[in-house]
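Accompanying notes for the structure given below.
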Amino acid sequence: MTQRVDLATVMDRLAVDDVVTDYAVAVDDGDWDAYRALFTGDGRADYRGSGGIEGPAAEVAEWLARAMRLFPVRQHLIVNRRVTVQDLGGYPGDRAEVRADYLNPMRTESGDEFVSGGRYGFVLTREEAGWRLRSVVIEEKWRRGEKPGDA
(Lines give C-alpha, C1' and ligand atoms only; values in the text may rest on other atoms or scores of the structure.)
Protein backbone atom coordinates (compact mmCIF):
# COMPACT_ATOMS: atom_id res chain seq x y z
CA MET A 1 0.00 0.00 0.00
CA THR A 2 1.08 3.52 -0.63
CA GLN A 3 0.99 6.25 1.98
CA ARG A 4 -1.89 7.85 0.07
CA VAL A 5 -3.99 4.65 0.33
CA ASP A 6 -3.06 4.27 4.00
CA LEU A 7 -4.13 7.87 4.65
CA ALA A 8 -7.43 7.35 2.81
CA THR A 9 -8.17 4.29 4.96
CA VAL A 10 -7.35 6.17 8.15
CA MET A 11 -9.57 9.07 7.08
CA ASP A 12 -12.42 6.65 6.32
CA ARG A 13 -12.03 4.99 9.71
CA LEU A 14 -12.18 8.38 11.45
CA ALA A 15 -15.24 9.42 9.43
CA VAL A 16 -17.00 6.13 10.25
CA ASP A 17 -16.15 6.59 13.92
CA ASP A 18 -17.65 10.10 13.78
CA VAL A 19 -20.95 8.67 12.47
CA VAL A 20 -21.10 6.21 15.39
CA THR A 21 -20.42 9.04 17.85
CA ASP A 22 -23.04 11.23 16.17
CA TYR A 23 -25.50 8.34 16.50
CA ALA A 24 -24.94 8.12 20.27
CA VAL A 25 -25.24 11.89 20.71
CA ALA A 26 -28.45 12.06 18.64
CA VAL A 27 -30.10 9.33 20.73
CA ASP A 28 -28.93 10.77 24.05
CA ASP A 29 -29.97 14.32 23.11
CA GLY A 30 -33.26 13.20 21.57
CA ASP A 31 -32.35 14.87 18.28
CA TRP A 32 -34.45 12.67 16.02
CA ASP A 33 -33.87 14.80 12.90
CA ALA A 34 -30.13 14.28 13.35
CA TYR A 35 -30.76 10.56 13.98
CA ARG A 36 -32.68 10.19 10.71
CA ALA A 37 -30.03 12.16 8.80
CA LEU A 38 -27.37 9.63 9.80
CA PHE A 39 -29.07 6.87 7.78
CA THR A 40 -29.18 6.08 4.08
CA GLY A 41 -32.59 6.50 2.45
CA ASP A 42 -33.25 2.80 2.92
CA GLY A 43 -31.50 2.56 6.29
CA ARG A 44 -32.96 0.35 9.01
CA ALA A 45 -32.57 -0.05 12.75
CA ASP A 46 -33.24 -3.20 14.76
CA TYR A 47 -33.79 -2.76 18.50
CA ARG A 48 -35.56 -6.09 19.01
CA GLY A 49 -32.49 -7.38 20.88
CA SER A 50 -33.31 -4.93 23.67
CA GLY A 51 -37.10 -5.20 23.61
CA GLY A 52 -37.73 -2.63 20.88
CA ILE A 53 -38.78 -2.66 17.26
CA GLU A 54 -37.18 -3.13 13.84
CA GLY A 55 -37.88 -1.10 10.74
CA PRO A 56 -36.98 1.86 8.55
CA ALA A 57 -34.90 4.45 10.41
CA ALA A 58 -37.63 7.10 10.14
CA GLU A 59 -40.21 4.82 11.81
CA VAL A 60 -37.74 3.71 14.47
CA ALA A 61 -36.92 7.37 15.20
CA GLU A 62 -40.61 7.99 15.93
CA TRP A 63 -40.73 4.98 18.24
CA LEU A 64 -37.52 6.08 20.00
CA ALA A 65 -38.91 9.59 20.50
CA ARG A 66 -41.87 8.09 22.39
CA ALA A 67 -39.90 5.42 24.27
CA MET A 68 -37.11 7.75 25.40
CA ARG A 69 -39.58 10.19 27.01
CA LEU A 70 -39.58 7.71 29.91
CA PHE A 71 -35.89 8.51 30.43
CA PRO A 72 -35.20 12.26 30.43
CA VAL A 73 -31.65 11.53 31.62
CA ARG A 74 -29.68 9.18 29.40
CA GLN A 75 -26.15 8.82 28.20
CA HIS A 76 -24.89 5.81 26.41
CA LEU A 77 -21.28 5.11 25.77
CA ILE A 78 -20.16 3.20 22.70
CA VAL A 79 -16.75 1.61 23.33
CA ASN A 80 -14.36 -1.07 22.06
CA ARG A 81 -15.12 -0.06 18.49
CA ARG A 82 -13.84 -2.47 15.87
CA VAL A 83 -14.00 -0.69 12.53
CA THR A 84 -13.55 -2.59 9.27
CA VAL A 85 -13.51 -0.66 5.99
CA GLN A 86 -14.07 -2.71 2.84
CA ASP A 87 -10.75 -3.57 1.20
CA LEU A 88 -10.73 -3.49 -2.60
CA GLY A 89 -7.32 -4.94 -3.27
CA GLY A 90 -5.51 -2.51 -1.02
CA TYR A 91 -7.86 0.41 -1.60
CA PRO A 92 -10.75 1.39 0.69
CA GLY A 93 -14.22 0.61 -0.60
CA ASP A 94 -17.61 2.18 0.06
CA ARG A 95 -18.77 -0.18 2.82
CA ALA A 96 -17.76 -0.36 6.46
CA GLU A 97 -18.79 -2.37 9.51
CA VAL A 98 -18.44 -1.51 13.17
CA ARG A 99 -18.87 -3.90 16.08
CA ALA A 100 -18.92 -2.02 19.37
CA ASP A 101 -19.95 -2.55 22.96
CA TYR A 102 -22.24 -0.14 24.77
CA LEU A 103 -23.08 0.89 28.31
CA ASN A 104 -26.39 2.70 28.66
CA PRO A 105 -27.28 4.33 32.02
CA MET A 106 -30.65 6.11 32.14
CA ARG A 107 -32.83 7.73 34.80
CA THR A 108 -36.57 8.29 34.95
CA GLU A 109 -38.15 11.54 36.16
CA SER A 110 -38.83 9.86 39.51
CA GLY A 111 -35.12 9.05 39.89
CA ASP A 112 -35.29 5.32 39.16
CA GLU A 113 -32.17 4.10 37.42
CA PHE A 114 -31.88 1.62 34.61
CA VAL A 115 -28.59 0.42 33.11
CA SER A 116 -27.99 -1.97 30.25
CA GLY A 117 -25.05 -3.17 28.24
CA GLY A 118 -24.53 -5.04 25.04
CA ARG A 119 -23.21 -4.82 21.53
CA TYR A 120 -24.01 -2.80 18.44
CA GLY A 121 -23.54 -3.88 14.85
CA PHE A 122 -23.36 -0.97 12.42
CA VAL A 123 -23.15 -1.26 8.64
CA LEU A 124 -22.27 1.95 6.79
CA THR A 125 -22.20 2.98 3.16
CA ARG A 126 -20.28 5.83 1.60
CA GLU A 127 -22.60 8.28 -0.19
CA GLU A 128 -21.90 11.61 -1.87
CA ALA A 129 -22.57 13.39 1.43
CA GLY A 130 -20.25 11.01 3.31
CA TRP A 131 -20.66 7.87 5.36
CA ARG A 132 -24.24 6.94 6.33
CA LEU A 133 -25.76 4.11 8.36
CA ARG A 134 -27.38 1.37 6.31
CA SER A 135 -28.25 -0.66 9.40
CA VAL A 136 -27.96 -0.66 13.17
CA VAL A 137 -28.59 -3.81 15.20
CA ILE A 138 -28.53 -3.83 18.98
CA GLU A 139 -27.95 -6.92 21.11
CA GLU A 140 -28.57 -6.29 24.79
CA LYS A 141 -26.51 -8.67 26.92
CA TRP A 142 -27.49 -7.53 30.41
CA ARG A 143 -29.56 -5.03 32.34
CA ARG A 144 -29.97 -3.79 35.89
CA GLY A 145 -33.21 -2.21 37.04
CA GLU A 146 -36.51 -2.33 35.23
CA LYS A 147 -37.68 -0.20 32.39
CA PRO A 148 -41.05 1.38 33.13
CA GLY A 149 -43.69 -1.07 31.93
CA ASP A 150 -41.47 -4.14 32.42
CA ALA A 151 -42.79 -4.94 35.90
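Identifiers in the C-alpha coordinates: chain A, B, ... in order shown; residue index from 1 per chain; ligand index from 1 in order shown.
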
Mind checking which residues fall within 10 Å of segment 62-78 of chain A, counting only C-alpha atoms, ignoring those fewer than 2 positions away in the same chain, and posting them as a count of residues only? 47

For the structure I just gave you, how does DSSP split chain A - specifically, which residues are strand (DSSP E)? Reply as a count of residues only. 73

List the spatial neighbours of segment 4-15 of chain A as JSON, numbers by chain - criterion: any atom at most 12 Å away, only C-alpha atoms, same-chain residues fewer than 4 positions off excluded. {"A": [19, 20, 21, 22, 81, 82, 83, 84, 85, 86, 87, 88, 89, 90, 91, 92, 93, 94, 95, 96, 97, 98, 124, 125, 126, 129, 130, 131, 132, 133]}

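Using only C-alpha atoms, the nearest neighbour of Arg44 of chain A within the list A:Val136, A:Val79, A:Phe122, A:Ala26 is A:Val136.
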
From a backbone DSSP assignment, name each residue in chain A labelled alpha helix (DSSP H), as a PyMOL selection string. chain A and resi 3-29+32-37+57-67

Restricting the calculation to only C-alpha atoms, which member of A:Val16, A:Ala45, A:Phe39, A:Gly51 is positioned closest to Val137 of chain A? A:Ala45
